[in-house]
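Asker: Contents of final.cif (mmCIF, C-alpha atoms) are below:
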```cif
data_query
loop_
_atom_site.label_atom_id
_atom_site.label_comp_id
_atom_site.auth_asym_id
_atom_site.auth_seq_id
_atom_site.Cartn_x
_atom_site.Cartn_y
_atom_site.Cartn_z
CA MET A 1 21.04 20.52 -7.09
CA LYS A 2 23.58 18.51 -8.99
CA ARG A 3 24.83 17.06 -5.72
CA LYS A 4 21.32 16.18 -4.57
CA LYS A 5 20.79 14.24 -7.78
CA GLN A 6 24.12 12.51 -7.36
CA ILE A 7 23.27 11.54 -3.77
CA LEU A 8 19.99 10.04 -4.94
CA LEU A 9 21.76 8.23 -7.76
CA TYR A 10 24.39 6.80 -5.39
CA LEU A 11 21.69 5.66 -2.95
CA LEU A 12 19.79 4.03 -5.78
CA LEU A 13 22.90 2.26 -7.04
CA MET A 14 23.74 1.10 -3.51
CA ALA A 15 20.25 -0.33 -3.13
CA ILE A 16 20.62 -2.11 -6.47
CA CYS A 17 24.01 -3.54 -5.47
CA VAL A 18 22.80 -4.79 -2.08
CA GLY A 19 19.42 -5.95 -3.41
CA GLY A 20 21.05 -7.70 -6.34
CA SER A 21 23.49 -9.42 -4.03
CA MET A 22 20.67 -10.53 -1.72
CA LYS A 23 18.68 -11.86 -4.65
CA LEU A 24 21.57 -13.55 -6.42
CA PHE A 25 23.21 -15.14 -3.41
CA ASP A 26 20.02 -15.79 -1.43
CA TYR A 27 20.85 -13.54 1.49
CA ARG A 28 18.23 -12.37 3.92
CA LEU A 29 18.31 -9.81 6.70
CA THR A 30 16.92 -12.02 9.46
CA PRO A 31 16.88 -15.78 10.17
CA HIS A 32 13.08 -15.74 9.99
CA GLN A 33 13.12 -14.16 6.53
CA TYR A 34 15.56 -16.82 5.37
CA PHE A 35 13.46 -19.57 6.91
CA ALA A 36 10.31 -18.33 5.14
CA ALA A 37 12.17 -18.02 1.83
CA GLU A 38 13.56 -21.50 2.21
CA GLU A 39 10.10 -22.95 2.89
CA LYS A 40 8.75 -21.25 -0.21
CA TYR A 41 11.61 -22.63 -2.27
CA GLN A 42 11.01 -26.15 -0.93
CA HIS A 43 7.26 -25.71 -1.51
CA VAL A 44 6.50 -26.61 2.09
CA GLY A 45 4.91 -24.78 4.97
CA PRO A 46 4.54 -21.97 5.78
CA SER A 47 5.19 -22.94 9.35
CA GLU A 48 2.35 -22.09 11.68
CA GLU A 49 4.49 -22.38 14.74
CA ILE A 50 8.19 -22.03 15.51
CA LEU A 51 8.87 -24.84 17.93
CA LEU A 52 12.45 -23.99 18.68
CA GLU A 53 15.11 -21.59 17.52
CA GLY A 54 18.52 -20.57 18.69
CA GLU A 55 22.15 -20.02 17.99
CA GLY A 56 24.68 -22.73 17.27
CA ALA A 57 28.41 -22.66 16.88
CA GLU A 58 30.30 -20.13 14.75
CA GLY A 59 27.47 -17.69 14.13
CA THR A 60 24.97 -20.27 12.97
CA TYR A 61 21.27 -20.19 13.76
CA PHE A 62 18.57 -22.80 13.53
CA ILE A 63 14.80 -22.69 13.34
CA LEU A 64 12.52 -25.65 13.85
CA GLY A 65 9.10 -24.93 12.43
CA LYS A 66 5.90 -26.92 12.26
CA TRP A 67 2.96 -26.82 9.92
CA GLY A 68 0.16 -29.33 10.19
CA GLN A 69 1.86 -32.49 11.32
CA ASN A 70 5.07 -31.73 9.45
CA LEU A 71 8.44 -30.39 10.50
CA ASN A 72 10.96 -28.12 8.90
CA TYR A 73 14.38 -27.74 10.44
CA CYS A 74 16.65 -25.17 8.86
CA VAL A 75 20.13 -24.02 9.76
CA MET A 76 21.58 -20.82 8.40
CA GLU A 77 24.70 -18.82 8.97
CA ARG A 78 25.98 -15.28 8.73
CA HIS A 79 27.23 -14.08 5.39
CA MET A 80 29.27 -10.90 4.98
CA GLY A 81 28.57 -10.03 8.59
CA ILE A 82 25.08 -8.66 8.03
CA PHE A 83 23.12 -11.23 6.07
CA TRP A 84 21.75 -14.68 6.79
CA GLY A 85 22.35 -17.27 4.15
CA SER A 86 22.58 -20.94 3.43
CA ARG A 87 24.69 -23.44 5.26
CA SER A 88 25.52 -26.67 3.52
CA GLY A 89 23.58 -29.59 4.88
CA GLY A 90 21.59 -27.30 7.13
CA HIS A 91 18.18 -28.39 6.14
CA TYR A 92 15.73 -31.13 6.99
CA VAL A 93 12.09 -31.39 6.07
CA LEU A 94 9.77 -33.97 7.50
CA PRO A 95 6.75 -33.90 5.23
CA GLU A 96 3.60 -35.83 5.91
CA ASP A 97 4.42 -38.60 3.42
CA ASP A 98 7.71 -39.30 5.17
CA ARG A 99 6.20 -39.01 8.63
CA LEU A 100 3.77 -41.80 7.86
CA ARG A 101 6.69 -44.07 7.04
CA LEU A 102 8.52 -43.34 10.28
CA PRO A 103 8.61 -45.66 13.29
CA PRO A 104 6.12 -44.70 16.02
CA LEU A 105 8.88 -43.09 18.03
CA TRP A 106 11.37 -41.20 15.97
CA GLY A 107 13.96 -38.53 16.65
CA GLU A 108 16.95 -36.77 15.19
CA TYR A 109 19.89 -35.22 17.00
CA GLN A 110 21.73 -32.46 15.14
CA SER A 111 25.17 -32.67 16.63
CA ASP A 112 26.46 -29.46 15.08
CA MET A 113 23.65 -27.38 16.56
CA ASP A 114 23.07 -29.42 19.73
CA VAL A 115 19.39 -29.78 18.89
CA LEU A 116 17.17 -32.80 19.32
CA TYR A 117 13.71 -33.12 17.84
CA GLY A 118 11.34 -35.94 17.11
CA ILE A 119 7.81 -37.20 17.02
CA CYS A 120 5.98 -39.87 18.95
CA GLN A 121 2.91 -41.25 17.21
CA VAL A 122 1.81 -43.37 20.16
CA ASP A 123 -1.08 -42.00 22.22
CA GLY A 124 -0.50 -41.33 25.90
CA VAL A 125 3.25 -40.76 25.77
CA THR A 126 4.15 -37.73 27.86
CA GLN A 127 7.89 -38.08 28.14
CA VAL A 128 10.78 -39.41 26.09
CA GLN A 129 14.00 -40.74 27.57
CA TYR A 130 16.81 -40.67 25.07
CA THR A 131 20.42 -41.76 24.93
CA LEU A 132 23.06 -39.99 22.92
CA SER A 133 26.10 -42.01 21.86
CA ARG A 134 29.34 -41.27 20.09
CA LEU A 135 28.87 -42.15 16.46
CA GLU A 136 32.36 -43.56 16.02
CA ASN A 137 32.14 -46.27 18.71
CA ASN A 138 28.49 -46.24 19.93
CA GLU A 139 29.70 -45.43 23.44
CA VAL A 140 26.88 -43.94 25.51
CA TYR A 141 27.66 -40.30 26.19
CA TYR A 142 24.52 -38.70 27.60
CA GLU A 143 21.08 -39.68 28.82
CA GLY A 144 18.23 -37.24 29.13
CA THR A 145 14.48 -36.73 28.99
CA LEU A 146 12.20 -34.43 27.05
CA PRO A 147 8.50 -33.72 27.50
CA VAL A 148 6.20 -34.77 24.67
CA ARG A 149 3.58 -32.32 23.47
CA GLU A 150 -0.01 -33.30 22.90
CA ASP A 151 0.60 -33.40 19.15
CA GLY A 152 3.45 -35.87 19.70
CA TYR A 153 6.39 -33.57 19.07
CA PHE A 154 9.35 -33.26 21.42
CA TYR A 155 12.41 -31.10 21.07
CA GLY A 156 15.22 -29.48 23.00
CA ASN A 157 18.54 -27.76 22.57
CA HIS A 158 21.61 -26.90 24.67
CA ILE A 159 21.74 -30.55 25.64
CA LEU A 160 25.47 -31.24 25.56
CA GLU A 161 26.63 -27.63 25.09
CA GLU A 162 28.93 -28.98 22.40
CA TYR A 163 28.75 -28.21 18.70
CA GLN A 164 30.52 -30.82 16.60
CA LYS A 165 29.34 -32.15 13.30
CA ASN A 166 28.48 -35.86 13.15
CA GLN A 167 29.88 -36.49 16.60
CA TYR A 168 26.86 -37.83 18.49
CA GLY A 169 23.58 -39.45 17.59
CA ILE A 170 20.52 -40.89 19.26
CA SER A 171 21.11 -44.53 20.08
CA SER A 172 17.86 -45.30 21.87
CA MET A 173 14.58 -43.71 22.93
CA ILE A 174 11.84 -44.78 25.30
CA GLY A 175 8.42 -43.16 25.42
CA THR A 176 6.62 -43.33 28.75
CA ASP A 177 3.28 -42.14 30.07
CA ALA A 178 2.71 -40.00 33.16
CA GLN A 179 2.95 -43.06 35.41
CA GLY A 180 6.26 -44.16 33.90
CA ASN A 181 4.88 -47.04 31.87
CA VAL A 182 6.83 -47.74 28.69
CA LEU A 183 4.56 -47.27 25.68
CA ALA A 184 7.05 -46.93 22.85
CA GLU A 185 10.64 -47.87 22.32
CA TYR A 186 13.16 -47.45 19.62
CA THR A 187 16.79 -48.43 19.26
CA TRP A 188 19.17 -47.55 16.46
CA MET B 1 53.75 39.70 -8.85
CA ALA B 2 50.38 39.08 -10.57
CA LYS B 3 50.45 35.42 -9.62
CA GLU B 4 51.08 36.18 -5.97
CA LEU B 5 48.26 38.73 -5.97
CA PHE B 6 45.87 36.25 -7.58
CA GLU B 7 46.83 33.45 -5.19
CA ASN B 8 46.29 35.69 -2.17
CA TYR B 9 42.89 36.68 -3.51
CA ILE B 10 41.92 33.07 -4.23
CA LYS B 11 43.05 32.00 -0.78
CA ALA B 12 41.01 34.79 0.79
CA VAL B 13 37.92 33.79 -1.18
CA THR B 14 38.15 30.02 -0.64
CA SER B 15 38.84 30.43 3.09
CA HIS B 16 35.11 31.28 3.43
CA VAL B 17 34.08 28.01 1.75
CA LYS B 18 33.46 25.59 4.61
CA PHE B 19 33.34 22.45 2.46
CA ARG B 20 37.09 22.25 2.02
CA PHE B 21 36.93 19.53 -0.64
CA ASP B 22 35.50 22.10 -3.08
CA ARG B 23 38.16 24.72 -2.41
CA TYR B 24 40.58 23.38 -4.99
CA ASP B 25 38.00 23.33 -7.80
CA ILE B 26 36.74 26.80 -6.89
CA GLY B 27 40.32 28.07 -6.82
CA GLN B 28 41.02 26.62 -10.25
CA GLU B 29 37.94 28.22 -11.70
CA LEU B 30 38.75 31.61 -10.19
CA ARG B 31 42.35 31.34 -11.36
CA GLU B 32 41.35 30.66 -14.96
CA HIS B 33 38.84 33.47 -14.91
CA MET B 34 41.39 35.95 -13.47
CA GLU B 35 44.10 34.90 -15.92
CA ASP B 36 41.73 35.47 -18.85
CA LEU B 37 40.85 38.89 -17.50
CA TYR B 38 44.51 39.70 -16.92
CA GLU B 39 45.42 38.69 -20.48
CA ASP B 40 42.62 40.89 -21.80
CA LEU B 41 43.89 43.87 -19.87
CA LEU B 42 47.46 43.30 -21.01
CA SER B 43 46.28 43.26 -24.62
CA GLN B 44 44.83 46.73 -24.04
CA ASP B 45 48.37 48.05 -23.37
CA ILE B 46 47.94 48.23 -19.59
CA ASP B 47 51.12 47.46 -17.68
CA GLU B 48 51.41 44.23 -15.74
CA GLU B 49 51.18 45.62 -12.22
CA GLN B 50 48.12 47.72 -13.00
CA ALA B 51 46.48 44.88 -14.94
CA ALA B 52 46.92 42.52 -11.98
CA GLN B 53 45.43 45.03 -9.57
CA LEU B 54 42.54 45.79 -11.93
CA THR B 55 41.84 42.05 -12.29
CA VAL B 56 41.55 41.65 -8.53
CA ASP B 57 39.40 44.79 -8.33
CA TYR B 58 37.08 43.49 -11.07
CA MET B 59 36.62 40.24 -9.15
CA GLY B 60 35.10 42.16 -6.25
CA ASP B 61 35.34 41.87 -2.50
CA SER B 62 36.92 38.52 -1.54
CA GLU B 63 34.83 38.14 1.62
CA GLU B 64 31.57 38.81 -0.17
CA LEU B 65 32.43 36.44 -3.00
CA GLY B 66 33.65 33.80 -0.53
CA LYS B 67 30.37 33.91 1.41
CA GLU B 68 28.37 33.61 -1.79
CA LEU B 69 30.41 30.64 -2.88
CA ASN B 70 30.00 29.04 0.55
CA GLU B 71 26.25 29.29 0.20
CA ALA B 72 26.38 27.76 -3.28
CA HIS B 73 28.63 24.95 -2.04
CA ASN B 74 26.50 23.96 0.96
CA PRO B 75 28.85 22.22 3.42
CA VAL B 76 26.14 19.91 4.85
CA LEU B 77 25.13 18.72 1.40
CA GLY B 78 28.78 18.52 0.46
CA TYR B 79 29.71 16.21 3.33
CA VAL B 80 26.61 14.07 2.80
CA TRP B 81 27.52 13.74 -0.87
CA LEU B 82 31.13 12.91 -0.01
CA TRP B 83 30.26 10.15 2.48
CA VAL B 84 27.52 8.72 0.30
CA ARG B 85 30.01 8.55 -2.56
CA ARG B 86 32.63 6.84 -0.38
CA MET B 87 30.02 4.40 0.87
CA PHE B 88 28.91 3.70 -2.68
CA ILE B 89 32.48 2.83 -3.69
CA LEU B 90 32.78 0.38 -0.79
CA ILE B 91 29.38 -1.17 -1.46
CA PHE B 92 30.11 -1.43 -5.15
CA ILE B 93 33.33 -3.33 -4.45
CA ALA B 94 31.74 -5.59 -1.81
CA PHE B 95 28.40 -6.24 -3.49
CA GLY B 96 28.27 -4.72 -6.96
CA LEU B 97 31.30 -6.44 -8.45
CA PRO B 98 30.27 -9.97 -7.35
CA VAL B 99 26.75 -9.31 -8.65
CA ILE B 100 28.06 -8.10 -11.99
CA SER B 101 30.55 -10.94 -12.38
CA VAL B 102 28.50 -13.87 -11.07
CA GLY B 103 25.13 -12.56 -12.24
CA GLY B 104 26.57 -11.60 -15.60
CA CYS B 105 28.09 -15.03 -16.17
CA ARG B 106 24.85 -16.74 -15.21
CA ALA B 107 22.78 -14.40 -17.38
CA ILE B 108 25.06 -15.05 -20.34
CA GLY B 109 24.84 -18.81 -19.73
CA THR B 110 21.05 -18.71 -19.53
CA GLY B 111 20.78 -16.41 -22.55
CA TYR B 112 23.05 -18.62 -24.61
CA GLY B 113 21.01 -21.69 -23.64
CA ALA B 114 17.73 -19.99 -24.54
CA VAL B 115 19.02 -18.82 -27.93
CA ASP B 116 20.51 -22.23 -28.64
CA ARG B 117 17.21 -23.90 -27.76
CA PHE B 118 15.28 -21.49 -29.96
CA PHE B 119 17.40 -22.18 -33.03
CA THR B 120 17.60 -25.90 -32.33
CA GLU B 121 13.80 -26.07 -32.30
CA LEU B 122 13.55 -23.81 -35.35
CA TYR B 123 15.70 -26.05 -37.52
CA GLU B 124 14.68 -29.31 -35.91
CA GLU B 125 13.61 -32.03 -38.31
CA THR B 126 10.58 -34.10 -37.36
CA PRO B 127 11.80 -37.38 -35.87
CA GLU B 128 10.78 -40.40 -37.92
CA ASN B 129 9.26 -42.22 -34.99
CA LEU B 130 7.11 -39.26 -33.86
CA VAL B 131 3.44 -40.22 -33.78
CA TYR B 132 1.82 -36.97 -32.71
CA THR B 133 2.49 -33.64 -31.12
CA VAL B 134 0.20 -31.65 -28.86
CA GLU B 135 0.78 -27.94 -28.41
CA VAL B 136 -0.07 -27.26 -24.78
CA ASN B 137 1.39 -23.87 -23.79
CA ARG B 138 -0.21 -23.79 -20.36
CA GLN B 139 1.23 -22.51 -17.13
CA VAL B 140 0.45 -23.03 -13.47
CA LYS B 141 1.93 -21.52 -10.33
CA VAL B 142 3.37 -23.31 -7.33
CA ASP B 143 4.26 -20.72 -4.68
CA ASP B 144 6.40 -18.20 -6.59
CA MET B 145 7.34 -20.70 -9.28
CA VAL B 146 5.72 -20.74 -12.69
CA VAL B 147 5.58 -24.19 -14.25
CA GLY B 148 4.72 -24.37 -17.92
CA VAL B 149 4.10 -27.26 -20.26
CA GLU B 150 4.83 -26.27 -23.85
CA GLU B 151 4.33 -29.45 -25.81
CA LEU B 152 3.71 -33.17 -25.63
CA ARG B 153 5.31 -35.49 -28.16
CA TYR B 154 4.34 -39.10 -28.49
CA TYR B 155 6.72 -41.57 -30.11
CA GLN B 156 6.18 -44.98 -31.68
CA ASN B 157 8.07 -46.72 -28.87
CA GLY B 158 5.48 -45.48 -26.36
CA ASP B 159 7.55 -42.59 -24.99
CA MET B 160 5.67 -39.43 -24.11
CA GLU B 161 8.02 -36.48 -24.12
CA LEU B 162 6.92 -33.41 -22.17
CA LYS B 163 8.60 -30.11 -23.01
CA TYR B 164 8.57 -27.74 -20.08
CA ILE B 165 9.71 -24.36 -18.91
CA THR B 166 9.93 -23.18 -15.33
CA TYR B 167 10.89 -19.83 -13.89
CA GLN B 168 10.60 -17.84 -10.72
CA GLU B 169 8.43 -14.74 -10.59
CA LEU B 170 10.38 -11.49 -10.75
CA PHE B 171 9.61 -10.37 -7.21
CA SER B 172 9.65 -13.82 -5.68
CA THR B 173 10.65 -13.93 -2.03
CA ALA B 174 11.68 -17.58 -2.23
CA LEU B 175 15.27 -18.73 -2.43
CA THR B 176 16.43 -19.05 -6.00
CA GLY B 177 15.98 -22.38 -7.70
CA THR B 178 14.03 -24.24 -10.27
CA PHE B 179 11.08 -26.54 -10.03
CA ASP B 180 11.63 -30.20 -9.21
CA PHE B 181 9.71 -32.19 -11.80
CA TYR B 182 10.38 -35.39 -9.89
CA ASP B 183 7.48 -34.35 -7.67
CA CYS B 184 5.09 -34.42 -10.66
CA TYR B 185 3.67 -37.33 -12.53
CA LEU B 186 1.83 -37.95 -15.78
CA THR B 187 -1.27 -40.06 -16.10
CA ASP B 188 -3.82 -40.81 -18.81
CA GLY B 189 -6.57 -40.60 -16.22
CA GLU B 190 -7.30 -44.32 -16.50
CA ILE B 191 -4.59 -46.97 -16.39
CA TYR B 192 -1.27 -45.28 -16.86
CA THR B 193 0.54 -43.43 -14.11
CA SER B 194 4.17 -42.56 -14.63
CA GLN B 195 6.77 -43.74 -12.20
CA PHE B 196 7.94 -41.33 -9.54
CA ARG B 197 11.17 -40.76 -11.45
CA PRO B 198 10.75 -40.43 -15.21
CA ARG B 199 13.22 -42.28 -17.41
CA ASP B 200 14.95 -39.32 -18.89
CA THR B 201 15.14 -35.64 -18.04
CA GLN B 202 16.97 -33.39 -20.40
CA ILE B 203 17.72 -29.85 -19.30
CA GLU B 204 18.11 -27.63 -22.35
CA VAL B 205 18.37 -24.25 -20.63
CA SER B 206 19.76 -24.18 -17.15
CA GLY B 207 19.63 -20.90 -15.28
CA ILE B 208 19.09 -19.90 -11.71
CA TYR B 209 15.69 -18.36 -12.37
CA TYR B 210 14.78 -20.08 -15.62
CA GLU B 211 14.95 -23.63 -16.81
CA ALA B 212 13.67 -25.38 -19.89
CA GLY B 213 13.92 -28.95 -20.96
CA SER B 214 12.06 -32.15 -21.58
CA ILE B 215 11.01 -35.19 -19.57
CA THR B 216 10.32 -38.56 -21.12
CA TYR B 217 7.68 -40.83 -19.64
CA PRO B 218 7.96 -44.35 -21.09
CA GLY B 219 5.08 -46.70 -21.83
CA PHE B 220 2.34 -44.13 -22.25
CA PRO B 221 -0.78 -45.72 -23.80
CA ALA B 222 -1.09 -45.00 -27.53
CA ASP B 223 -4.87 -44.68 -27.40
CA ALA B 224 -5.07 -42.32 -24.42
CA LYS B 225 -7.62 -39.57 -24.94
CA GLU B 226 -6.10 -37.17 -22.46
CA GLY B 227 -3.08 -36.65 -20.31
CA HIS B 228 -3.00 -35.28 -16.80
CA PHE B 229 0.14 -33.62 -15.55
CA ILE B 230 -0.24 -33.69 -11.79
CA TYR B 231 1.46 -32.21 -8.76
CA ASP B 232 0.12 -32.85 -5.27
CA ARG B 233 2.46 -32.21 -2.40
CA GLU B 234 2.30 -30.36 0.90
CA GLY B 235 -1.02 -28.68 0.17
CA ARG B 236 0.06 -27.47 -3.27
CA GLN B 237 -1.57 -29.11 -6.21
CA PHE B 238 -2.40 -28.78 -9.86
CA ASP B 239 -3.92 -31.09 -12.41
CA MET B 240 -3.18 -29.94 -15.92
CA GLU B 241 -5.63 -31.72 -18.17
CA ILE B 242 -4.29 -32.01 -21.69
CA PRO B 243 -6.59 -33.36 -24.44
CA LEU B 244 -4.68 -35.57 -26.83
CA LEU B 245 -7.22 -35.33 -29.65
CA GLN B 246 -4.80 -33.62 -32.01
CA LYS B 247 -3.09 -36.93 -32.50
CA GLU B 248 -5.98 -38.13 -34.66
CA GLU B 249 -5.37 -35.32 -37.12
CA ASP B 250 -1.68 -36.08 -37.15
CA LEU B 251 -2.24 -39.77 -37.59
#
```
Could you take the file, read its structure, and then write that structure out as structure tokens?
Answerer:
Amino acid sequence: MKRKKQILLYLLLMAICVGGSMKLFDYRLTPHQYFAAEEKYQHVGPSEEILLEGEGAEGTYFILGKWGQNLNYCVMERHMGIFWGSRSGGHYVLPEDDRLRLPPLWGEYQSDMDVLYGICQVDGVTQVQYTLSRLENNEVYYEGTLPVREDGYFYGNHILEEYQKNQYGISSMIGTDAQGNVLAEYTW
Amino acid sequence: MAKELFENYIKAVTSHVKFRFDRYDIGQELREHMEDLYEDLLSQDIDEEQAAQLTVDYMGDSEELGKELNEAHNPVLGYVWLWVRRMFILIFIAFGLPVISVGGCRAIGTGYGAVDRFFTELYEETPENLVYTVEVNRQVKVDDMVVGVEELRYYQNGDMELKYITYQELFSTALTGTFDFYDCYLTDGEIYTSQFRPRDTQIEVSGIYYEAGSITYPGFPADAKEGHFIYDREGRQFDMEIPLLQKEEDL
């Protein structure tokens, strides 16, 4: 009986240690739990739809969520082998206020996760052609296309299959309709 | 002679105990008990050899006793207990110690700040340029965050100082943090609307779950009848209407 009580006590203390650690250091068991917690902390969302998610380099993971006409991009990484926790600079929110101030065709390439996402606020655009350049010398490195959803969002990952922080960025984008007519253009 | 006899008996008994980690403790207990009995018998003028044999006889059949002890020291429960204890030690080192050290330091810091704020307010002298004070003591919730306005203080130079507290609910599922007051603004409901960033924010208690301080909004109209502390962002909103009528009494 004494042992049974001790087992229960040890289990309770273990739960307190792990729970306390999760609470104090903001660890979560799954990327989705972390994403939801992060949205609550930022007072945004909750995301109605996960547009894109996947693994990046060195055990990192990203989730691109959407609520209303807003975006939330969050990168997290493994902590202590079992938890998901914060990663410095791994967060980007595009709230409605900011979206209204954006150019009609806007995008962001996250070089460390090899993820590209953006929004086109011009009607009729079905496809976006983009160019990725090296940030250090603006040398064109890759050209590609992404389909544009009806709500204007476009996104993709595993584009370069390279994961290097601040290495590449979008240098230009062209939005075209189904017939290939250019409807929107943007150059950095 | 007696010792050898006792050790053989103890070995015979403990060999039936399957949870081997308890054998030492059981052996110790039996040994003490047998030595006491042996001493008793010696004090009754029984010779050593006979006393040792009688002690072993009094203890009973070693097999029977061993089986009884094995039942009392359930091996399954014993191994579960042992592994749970080992796991607890590992988890305590990996998780418990950082929680105690980091959490403890932060709790002490927050506690010190709260006590300091309490006594500072208790012995605070009324500033000469204070025009009026409004006790608000109202709280609103934004997600899992409680935002409270304690007091408004209006100064002769037109500054409206808002004393606030903010803390996360105990079972909040959000990441830890405090409320960003830069997303709020103060208005008199007519002409005045504070700038996006107030002139001065003073954090008096800074903790991970709790924060208290004051924000100063410059140029607030002296004749305003009410103040509205407003938050409206990403579908979350509150409009805390604060009547400023108390100022007339104070004036």
Asker: Measuring atom to atom with only C-alpha atoms, identify which of B:Gln53, B:Ser43, B:Phe95, B:Asn8 is nearest to Gly27 in chain B.
Answerer: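 Checking each candidate against Gly27 in chain B, we get B:Asn8 as the closest.
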Asker: Please report as a Markdown table every residue of chain B lying within 6 Å of chain A, along with the nearest atom pair and their distance in Å (one decimal), using all atoms listed in the file.
Answerer:
```
| residue | atom | partner | partner_atom | distance |
| --- | --- | --- | --- | --- |
| B:Trp81 | CA | A:Ile7 | CA | 5.6 |
| B:Phe88 | CA | A:Met14 | CA | 5.8 |
| B:Phe95 | CA | A:Cys17 | CA | 5.5 |
| B:Gly96 | CA | A:Cys17 | CA | 4.7 |
| B:Val99 | CA | A:Ser21 | CA | 5.7 |
| B:Thr173 | CA | A:Ala37 | CA | 5.8 |
| B:Ala174 | CA | A:Ala37 | CA | 4.1 |
| B:Leu175 | CA | A:Ala37 | CA | 5.3 |
| B:Glu234 | CA | A:Val44 | CA | 5.8 |
```
Asker: Given the PyMOL selection byres ((chain A and resi 138) around 12) and the file above, list the residues it selects as number ranges by chain.
Answerer: A: 131-137, 139-142, 167-172, 187-188
Asker: Using only C-alpha atoms, which residues sit within 6 Å of range 14-19 of chain B once same-chain residues fewer than 4 positions away are excluded, as number ranges by chain?
Answerer: B: 23, 66-67, 70, 75
Asker: Could you list, as JSON, numbers by chain, every residue matched by the PyMOL selection byres ((chain A and resi 54) around 12) in this structure?
Answerer: {"A": [31, 32, 50, 51, 52, 53, 55, 56, 57, 59, 60, 61, 62, 63, 64, 73, 74, 75, 76, 77, 113, 114, 115, 156, 157, 158]}
Asker: Identify the residues within 12 Å of coordinate (9.6, -24.8, -7.5) (same frame as the file), considering all atoms listed in the file, and give the answer as a ChimeraX atom specification.
Answerer: /A:37-44 /B:140-148,165-169,172,174-184,208-211,231,233,236
Asker: Using all atoms listed in the file and a cutoff of 12 Å, can you tell me which residues are near (8.2, -31.5, 23.2) in the file's coordinates, and write them out as a PyMOL selection string?
Answerer: chain A and resi 51-52+64+107+116-120+125-129+145-157+175
Asker: Quick check on the file I pasted: which residues fall under the PyMOL selection byres ((chain B and resi 154) around 8)? Write them as a PyMOL selection string.
Answerer: chain B and resi 130-133+152-153+155-156+158-161
Asker: Please list as a list in words every residue within 8 Å of Gly213 in chain B, counting only C-alpha atoms and excluding residues in the same chain fewer than 4 positions away.
Answerer: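 My reading of the contact set: Lys163, Tyr164, Ile165, Thr201, Gln202, Ile203, Glu204 and Val205 of chain B.
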